[in-house]
Structures are given as structure tokens and as C-alpha cells.
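Structure data (PDB, C-alpha atoms, pLDDT in the B column) from start-v2.pdb:
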ATOM      1  CA  MET Z   1     -42.977  44.397  38.390  1.00 67.00           C
ATOM      2  CA  GLU Z   2     -45.401  44.058  35.508  1.00 73.00           C
ATOM      3  CA  PRO Z   3     -45.838  40.567  33.988  1.00 79.00           C
ATOM      4  CA  HIS Z   4     -44.559  41.531  30.528  1.00 75.00           C
ATOM      5  CA  VAL Z   5     -41.408  43.026  32.058  1.00 79.00           C
ATOM      6  CA  ALA Z   6     -40.813  39.884  34.125  1.00 86.00           C
ATOM      7  CA  THR Z   7     -41.349  37.723  31.025  1.00 90.00           C
ATOM      8  CA  TYR Z   8     -38.850  39.796  29.077  1.00 89.00           C
ATOM      9  CA  TYR Z   9     -36.181  39.485  31.769  1.00 91.00           C
ATOM     10  CA  VAL Z  10     -36.735  35.718  32.035  1.00 93.00           C
ATOM     11  CA  ILE Z  11     -36.143  35.400  28.277  1.00 93.00           C
ATOM     12  CA  LEU Z  12     -33.132  37.730  28.502  1.00 94.00           C
ATOM     13  CA  VAL Z  13     -31.558  35.725  31.324  1.00 95.00           C
ATOM     14  CA  ALA Z  14     -32.259  32.463  29.448  1.00 95.00           C
ATOM     15  CA  THR Z  15     -30.563  33.930  26.372  1.00 95.00           C
ATOM     16  CA  VAL Z  16     -27.478  35.007  28.316  1.00 96.00           C
ATOM     17  CA  PHE Z  17     -27.338  31.630  30.062  1.00 95.00           C
ATOM     18  CA  ALA Z  18     -27.676  29.707  26.769  1.00 94.00           C
ATOM     19  CA  ALA Z  19     -25.006  31.867  25.125  1.00 94.00           C
ATOM     20  CA  HIS Z  20     -22.529  31.095  27.900  1.00 93.00           C
ATOM     21  CA  TRP Z  21     -23.535  27.455  28.143  1.00 92.00           C
ATOM     22  CA  ARG Z  22     -23.571  26.419  24.472  1.00 91.00           C
ATOM     23  CA  GLY Z  23     -22.686  29.491  22.414  1.00 91.00           C
ATOM     24  CA  LYS Z  24     -19.383  30.543  21.018  1.00 91.00           C
ATOM     25  CA  SER Z  25     -17.751  33.938  21.485  1.00 92.00           C
ATOM     26  CA  CYS Z  26     -20.048  35.561  18.917  1.00 93.00           C
ATOM     27  CA  GLU Z  27     -23.199  34.443  20.765  1.00 95.00           C
ATOM     28  CA  LYS Z  28     -21.718  35.523  24.087  1.00 95.00           C
ATOM     29  CA  ALA Z  29     -20.937  38.975  22.703  1.00 96.00           C
ATOM     30  CA  GLY Z  30     -24.456  39.277  21.267  1.00 96.00           C
ATOM     31  CA  ALA Z  31     -26.003  38.276  24.586  1.00 96.00           C
ATOM     32  CA  TRP Z  32     -23.906  40.860  26.408  1.00 97.00           C
ATOM     33  CA  ILE Z  33     -24.906  43.556  23.908  1.00 97.00           C
ATOM     34  CA  ALA Z  34     -28.592  42.717  24.469  1.00 96.00           C
ATOM     35  CA  LEU Z  35     -28.144  42.578  28.242  1.00 96.00           C
ATOM     36  CA  SER Z  36     -26.274  45.893  28.339  1.00 96.00           C
ATOM     37  CA  GLY Z  37     -28.917  47.626  26.236  1.00 94.00           C
ATOM     38  CA  SER Z  38     -31.676  46.274  28.467  1.00 91.00           C
ATOM     39  CA  LEU Z  39     -29.936  47.318  31.678  1.00 92.00           C
ATOM     40  CA  PHE Z  40     -29.209  50.822  30.382  1.00 93.00           C
ATOM     41  CA  THR Z  41     -32.808  51.161  29.181  1.00 88.00           C
ATOM     42  CA  SER Z  42     -34.111  50.116  32.593  1.00 86.00           C
ATOM     43  CA  THR Z  43     -32.264  53.066  34.171  1.00 89.00           C
ATOM     44  CA  VAL Z  44     -34.285  55.593  32.131  1.00 85.00           C
ATOM     45  CA  ALA Z  45     -36.948  57.565  34.008  1.00 72.00           C
ATOM     46  CA  TRP Z  46     -40.199  56.288  32.473  1.00 73.00           C
ATOM     47  CA  GLY Z  47     -42.685  58.996  33.465  1.00 72.00           C
ATOM     48  CA  GLY Z  48     -44.394  59.928  30.163  1.00 73.00           C
ATOM     49  CA  ILE Z  49     -41.365  59.026  28.060  1.00 79.00           C
ATOM     50  CA  TRP Z  50     -43.451  57.726  25.136  1.00 80.00           C
ATOM     51  CA  GLU Z  51     -45.493  60.953  24.821  1.00 82.00           C
ATOM     52  CA  ALA Z  52     -42.724  62.458  22.675  1.00 79.00           C
ATOM     53  CA  PHE Z  53     -39.553  61.281  20.984  1.00 82.00           C
ATOM     54  CA  ALA Z  54     -37.692  59.220  23.612  1.00 85.00           C
ATOM     55  CA  VAL Z  55     -34.173  60.643  23.326  1.00 89.00           C
ATOM     56  CA  PRO Z  56     -32.476  58.458  26.005  1.00 89.00           C
ATOM     57  CA  VAL Z  57     -33.930  55.236  24.592  1.00 89.00           C
ATOM     58  CA  PHE Z  58     -32.989  56.334  21.060  1.00 91.00           C
ATOM     59  CA  ILE Z  59     -29.354  56.882  22.126  1.00 94.00           C
ATOM     60  CA  ILE Z  60     -29.230  53.497  23.868  1.00 94.00           C
ATOM     61  CA  ASP Z  61     -30.764  51.803  20.816  1.00 94.00           C
ATOM     62  CA  LEU Z  62     -28.211  53.549  18.605  1.00 96.00           C
ATOM     63  CA  MET Z  63     -25.367  52.166  20.746  1.00 97.00           C
ATOM     64  CA  VAL Z  64     -26.900  48.667  20.641  1.00 97.00           C
ATOM     65  CA  LEU Z  65     -27.177  48.955  16.847  1.00 97.00           C
ATOM     66  CA  ALA Z  66     -23.482  49.874  16.677  1.00 97.00           C
ATOM     67  CA  GLY Z  67     -22.659  46.837  18.825  1.00 97.00           C
ATOM     68  CA  PHE Z  68     -24.625  44.394  16.680  1.00 97.00           C
ATOM     69  CA  TRP Z  69     -23.328  46.000  13.493  1.00 97.00           C
ATOM     70  CA  SER Z  70     -19.693  45.636  14.575  1.00 96.00           C
ATOM     71  CA  LEU Z  71     -20.431  42.063  15.606  1.00 96.00           C
ATOM     72  CA  ALA Z  72     -21.864  41.391  12.144  1.00 95.00           C
ATOM     73  CA  LEU Z  73     -18.866  42.988  10.431  1.00 95.00           C
ATOM     74  CA  PHE Z  74     -16.246  41.046  12.356  1.00 93.00           C
ATOM     75  CA  SER Z  75     -18.045  37.728  12.736  1.00 90.00           C
ATOM     76  CA  SER Z  76     -18.106  34.804  10.359  1.00 88.00           C
ATOM     77  CA  ARG Z  77     -21.644  33.918  11.436  1.00 89.00           C
ATOM     78  CA  PHE Z  78     -24.898  34.919   9.772  1.00 91.00           C
ATOM     79  CA  TRP Z  79     -27.214  35.544  12.751  1.00 94.00           C
ATOM     80  CA  PRO Z  80     -25.661  38.932  13.704  1.00 96.00           C
ATOM     81  CA  TYR Z  81     -27.036  40.324  10.441  1.00 96.00           C
ATOM     82  CA  TRP Z  82     -30.541  39.382  11.592  1.00 95.00           C
ATOM     83  CA  ALA Z  83     -29.993  40.988  14.998  1.00 96.00           C
ATOM     84  CA  THR Z  84     -28.619  44.127  13.334  1.00 97.00           C
ATOM     85  CA  GLY Z  85     -31.617  44.274  11.005  1.00 96.00           C
ATOM     86  CA  TRP Z  86     -34.131  43.961  13.828  1.00 95.00           C
ATOM     87  CA  GLN Z  87     -32.286  46.581  15.852  1.00 95.00           C
ATOM     88  CA  LEU Z  88     -32.349  48.896  12.836  1.00 95.00           C
ATOM     89  CA  VAL Z  89     -36.126  48.443  12.641  1.00 93.00           C
ATOM     90  CA  GLY Z  90     -36.326  49.451  16.306  1.00 91.00           C
ATOM     91  CA  LEU Z  91     -34.267  52.549  15.595  1.00 93.00           C
ATOM     92  CA  LEU Z  92     -36.480  53.439  12.639  1.00 90.00           C
ATOM     93  CA  VAL Z  93     -39.501  53.350  14.969  1.00 90.00           C
ATOM     94  CA  HIS Z  94     -37.869  56.175  16.935  1.00 89.00           C
ATOM     95  CA  ILE Z  95     -37.110  58.133  13.774  1.00 90.00           C
ATOM     96  CA  GLN Z  96     -40.693  57.717  12.599  1.00 89.00           C
ATOM     97  CA  ARG Z  97     -41.934  59.063  15.951  1.00 87.00           C
ATOM     98  CA  LEU Z  98     -39.590  62.027  15.566  1.00 88.00           C
ATOM     99  CA  MET Z  99     -40.981  62.762  12.101  1.00 90.00           C
ATOM    100  CA  PHE Z 100     -44.695  62.303  12.868  1.00 86.00           C
ATOM    101  CA  ASP Z 101     -46.243  63.797  16.002  1.00 81.00           C
ATOM    102  CA  ASP Z 102     -49.558  62.014  15.527  1.00 82.00           C
ATOM    103  CA  ILE Z 103     -48.179  58.573  16.448  1.00 81.00           C
ATOM    104  CA  LEU Z 104     -49.780  57.520  19.706  1.00 84.00           C
ATOM    105  CA  ALA Z 105     -47.653  56.901  22.775  1.00 81.00           C
ATOM    106  CA  LYS Z 106     -48.850  53.324  23.364  1.00 82.00           C
ATOM    107  CA  PRO Z 107     -47.947  51.904  19.898  1.00 83.00           C
ATOM    108  CA  TYR Z 108     -44.650  53.798  19.958  1.00 82.00           C
ATOM    109  CA  GLY Z 109     -43.725  52.316  23.312  1.00 81.00           C
ATOM    110  CA  LEU Z 110     -44.844  48.811  22.419  1.00 81.00           C
ATOM    111  CA  LEU Z 111     -42.985  48.750  19.103  1.00 82.00           C
ATOM    112  CA  SER Z 112     -39.854  50.085  20.766  1.00 80.00           C
ATOM    113  CA  MET Z 113     -39.959  47.441  23.492  1.00 82.00           C
ATOM    114  CA  TYR Z 114     -41.139  44.346  21.648  1.00 87.00           C
ATOM    115  CA  ILE Z 115     -38.606  44.604  18.838  1.00 89.00           C
ATOM    116  CA  ALA Z 116     -36.094  43.054  21.263  1.00 91.00           C
ATOM    117  CA  TYR Z 117     -37.845  39.659  21.261  1.00 92.00           C
ATOM    118  CA  PRO Z 118     -36.750  38.580  17.748  1.00 93.00           C
ATOM    119  CA  ILE Z 119     -33.197  39.637  18.590  1.00 95.00           C
ATOM    120  CA  LEU Z 120     -33.179  37.553  21.764  1.00 94.00           C
ATOM    121  CA  LEU Z 121     -34.739  34.644  19.908  1.00 94.00           C
ATOM    122  CA  VAL Z 122     -32.071  34.609  17.198  1.00 95.00           C
ATOM    123  CA  ILE Z 123     -29.281  34.759  19.815  1.00 95.00           C
ATOM    124  CA  LEU Z 124     -30.946  32.004  21.856  1.00 94.00           C
ATOM    125  CA  LEU Z 125     -31.460  29.714  18.858  1.00 93.00           C
ATOM    126  CA  SER Z 126     -27.976  30.272  17.500  1.00 93.00           C
ATOM    127  CA  SER Z 127     -26.520  29.530  20.938  1.00 92.00           C
ATOM    128  CA  LEU Z 128     -28.460  26.290  21.264  1.00 89.00           C
ATOM    129  CA  HIS Z 129     -27.535  25.219  17.733  1.00 85.00           C
ATOM    130  CA  SER Z 130     -23.930  26.386  17.739  1.00 72.00           C
ATOM    131  CA  LYS Z 131     -22.590  22.852  18.193  1.00 64.00           C
ATOM    132  CA  THR Z 132     -24.475  21.597  15.137  1.00 50.00           C
ATOM    133  CA  GLY Z 133     -23.896  24.679  12.994  1.00 47.00           C
ATOM    134  CA  ALA Z 134     -27.503  24.871  11.776  1.00 47.00           C
ATOM    135  CA  ILE Z 135     -28.053  28.612  12.278  1.00 49.00           C
ATOM    136  CA  THR Z 136     -24.460  29.668  12.723  1.00 46.00           C
ATOM    137  CA  GLN Z 137     -23.164  28.713   9.318  1.00 53.00           C
ATOM    138  CA  ARG Z 138     -20.330  30.723   7.934  1.00 57.00           C
ATOM    139  CA  VAL Z 139     -21.039  33.574   5.600  1.00 56.00           C
ATOM    140  CA  PRO Z 140     -19.746  32.681   2.113  1.00 60.00           C
ATOM    141  CA  SER Z 141     -16.543  34.463   1.200  1.00 60.00           C
ATOM    142  CA  HIS Z 142     -16.545  36.890  -1.689  1.00 62.00           C
ATOM    143  CA  ARG Z 143     -13.396  35.784  -3.475  1.00 55.00           C
TER
END

Could you render the structure as C-alpha cells?
Amino acid sequence: MEPHVATYYVILVATVFAAHWRGKSCEKAGAWIALSGSLFTSTVAWGGIWEAFAVPVFIIDLMVLAGFWSLALFSSRFWPYWATGWQLVGLLVHIQRLMFDDILAKPYGLLSMYIAYPILLVILLSSLHSKTGAITQRVPSHR
């Protein structure tokens, strides 16, 4: 296993652990969405996938976006909006690759993979701060 893949899975496991240890149901759901997306992505055959538009990874990222978006819609917390925004950026990387053939495989692959780190970080921080309410403040109502 490559070092960057091992590092990613260590951070992912730490995020899931923190969500179940200190997080509330919203953080747990976000951690499971991230874990599910990562596990589904790891089942994709990787031989030359970044040479063209990566359809399987795009579909998985679209499902993860739907998960974070529904979490943001039905949650009273603010962090799911950040996770949804970062996931949307990851999806737009795929769309950009679909539109422009001259994007190199290496930057396309790196942008698609590394966009998950801010998402994991926001879930991890909100889980660790959920008792104090620092990051997980309620979204103001629009009355």
C-alpha cells in the first residue's frame, strides 16, 4: 500500500472513531458517508482510470454529494454545508475533466483524491468539538 493511501485511511479511521466517540448523530452520519464513499471508490479498477473521465468515481462522488446534501438539509448544524461544498468542488473537477481533454491525468487524479481531506477534517473537528458547540452551532432560523 502506498504511503499516501495509508495516511488517508488512518485519517478516515480516526474521523469515524472520533464521530462515534464524541460526535452526535449528524457527525456519525457524515463519517459513514465519507467511509462508504471511500470504500466504494477503493473497489474501482484503477488501471489508467485518470487518463479519461473517470465515470465510476464520478458516480460515487455524486452519491456522496447527495448524502452530504441531504445531511445539510435535515441537520441543524453548520458543518454539513462545508462538507457539501467541498464535495461539490470534487464533482466539478470531474465535470471539468469531461469538458477539457487537455487536463493531465496526474492533476486530475490528485484533485479528485485530495478533496476528501477538508471534508474529513471538518467532520473530525466538529466531532471533537460537539460537546462544546464551537463548530456545531445551530443554523439560525429564517422566521

Given the PyMOL selection byres ((chain Z and resi 96) around 12), the residues it picks as a CSV table (one decimal) with C-alpha atoms, in the frame of the given file:
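Dumped everything to expr.csv:
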chain,number,residue,atom,x,y,z
Z,52,ALA,CA,-42.7,62.5,22.7
Z,53,PHE,CA,-39.6,61.3,21.0
Z,54,ALA,CA,-37.7,59.2,23.6
Z,58,PHE,CA,-33.0,56.3,21.1
Z,89,VAL,CA,-36.1,48.4,12.6
Z,90,GLY,CA,-36.3,49.5,16.3
Z,91,LEU,CA,-34.3,52.5,15.6
Z,92,LEU,CA,-36.5,53.4,12.6
Z,93,VAL,CA,-39.5,53.4,15.0
Z,94,HIS,CA,-37.9,56.2,16.9
Z,95,ILE,CA,-37.1,58.1,13.8
Z,97,ARG,CA,-41.9,59.1,16.0
Z,98,LEU,CA,-39.6,62.0,15.6
Z,99,MET,CA,-41.0,62.8,12.1
Z,100,PHE,CA,-44.7,62.3,12.9
Z,101,ASP,CA,-46.2,63.8,16.0
Z,102,ASP,CA,-49.6,62.0,15.5
Z,103,ILE,CA,-48.2,58.6,16.4
Z,104,LEU,CA,-49.8,57.5,19.7
Z,107,PRO,CA,-47.9,51.9,19.9
Z,108,TYR,CA,-44.6,53.8,20.0
Z,111,LEU,CA,-43.0,48.8,19.1
Z,112,SER,CA,-39.9,50.1,20.8

Inset, instruction - Might you spell out which residues the PyMOL selection byres ((chain Z and resi 83) around 8) would select in the displayed file, as a list in words? - result: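 Those residues are Phe68, Trp79, Pro80, Tyr81, Trp82, Thr84, Gly85, Trp86, Gln87, Pro118, Ile119, Val122 and Ile123 of chain Z.
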
Dump C-alpha atoms for the selected residues as a compact mmCIF listing (two decimals), in the coordinates of the input?
# COMPACT_ATOMS: atom_id res chain seq x y z
CA PHE Z 68 -24.62 44.39 16.68
CA TRP Z 79 -27.21 35.54 12.75
CA PRO Z 80 -25.66 38.93 13.70
CA TYR Z 81 -27.04 40.32 10.44
CA TRP Z 82 -30.54 39.38 11.59
CA THR Z 84 -28.62 44.13 13.33
CA GLY Z 85 -31.62 44.27 11.00
CA TRP Z 86 -34.13 43.96 13.83
CA GLN Z 87 -32.29 46.58 15.85
CA PRO Z 118 -36.75 38.58 17.75
CA ILE Z 119 -33.20 39.64 18.59
CA VAL Z 122 -32.07 34.61 17.20
CA ILE Z 123 -29.28 34.76 19.82

Give me the residues of range 28-73 of chain Z that have any atom at most 9 Å from an atom of range 6-13 of chain Z; for each, the nearest atom pair and the distance in Å, rounded to one decimal. Use all atoms listed in the file, sort by chain and number, and format it as a Markdown table.
| residue | atom | partner | partner_atom | distance |
| --- | --- | --- | --- | --- |
| Z:Ala31 | CA | Z:Leu12 | CA | 8.2 |
| Z:Ala34 | CA | Z:Leu12 | CA | 7.9 |
| Z:Leu35 | CA | Z:Leu12 | CA | 7.0 |
| Z:Ser38 | CA | Z:Leu12 | CA | 8.7 |

Legend entry - Contacts of Ser25 in chain Z within 10 Å, all atoms listed in the file, excl. fewer than 5 positions in-chain, as a PyMOL selection string: chain Z and resi 19-20+30-31+75+127

Inset, instruction - Taking the point (-30.5, 51.9, 30.4) as given in the file, collect each protein or nucleic acid residue that comes within 12 Å of it, counting all atoms listed in the file, and present the set as a VMD selection string. - result: chain Z and resid 33 to 46 55 to 61 63 to 64

Legend entry - Residue IDs satisfying the PyMOL selection byres ((chain Z and resi 128) around 9), as number ranges by chain: Z: 18-19, 21-23, 123-127, 129-132

Centre and edge lengths of an axis-aligned box around all listed atoms of range 50-59 of chain Z, with 5 Å added on each side, are to be given in Å to one decimal, as lines of an AutoDock Vina configuration file.
center_x = -37.4
center_y = 58.8
center_z = 23.5
size_x = 26.1
size_y = 17.2
size_z = 15.0

Inset, instruction - Could you please determine the separation between CA of Leu62 in chain Z and CA of Leu88 in chain Z in Å, to one decimal place? - result: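 That distance, rounded to one decimal, is 8.5 Å.
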
Inset, instruction - Figure out the distance between CA of Gly47 in chain Z and CA of Leu110 in chain Z, please, to one decimal in Å. - result: 15.2 Å

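Pairwise distance (CA of Tyr114 in chain Z, CA of Phe17 in chain Z) equals 20.6 Å.
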
Legend entry - Near-Ala105 in chain Z list (7 Å; all atoms listed in the file; drop same-chain fewer than 3 positions) as a ChimeraX atom specification: /Z:50-51,108-109
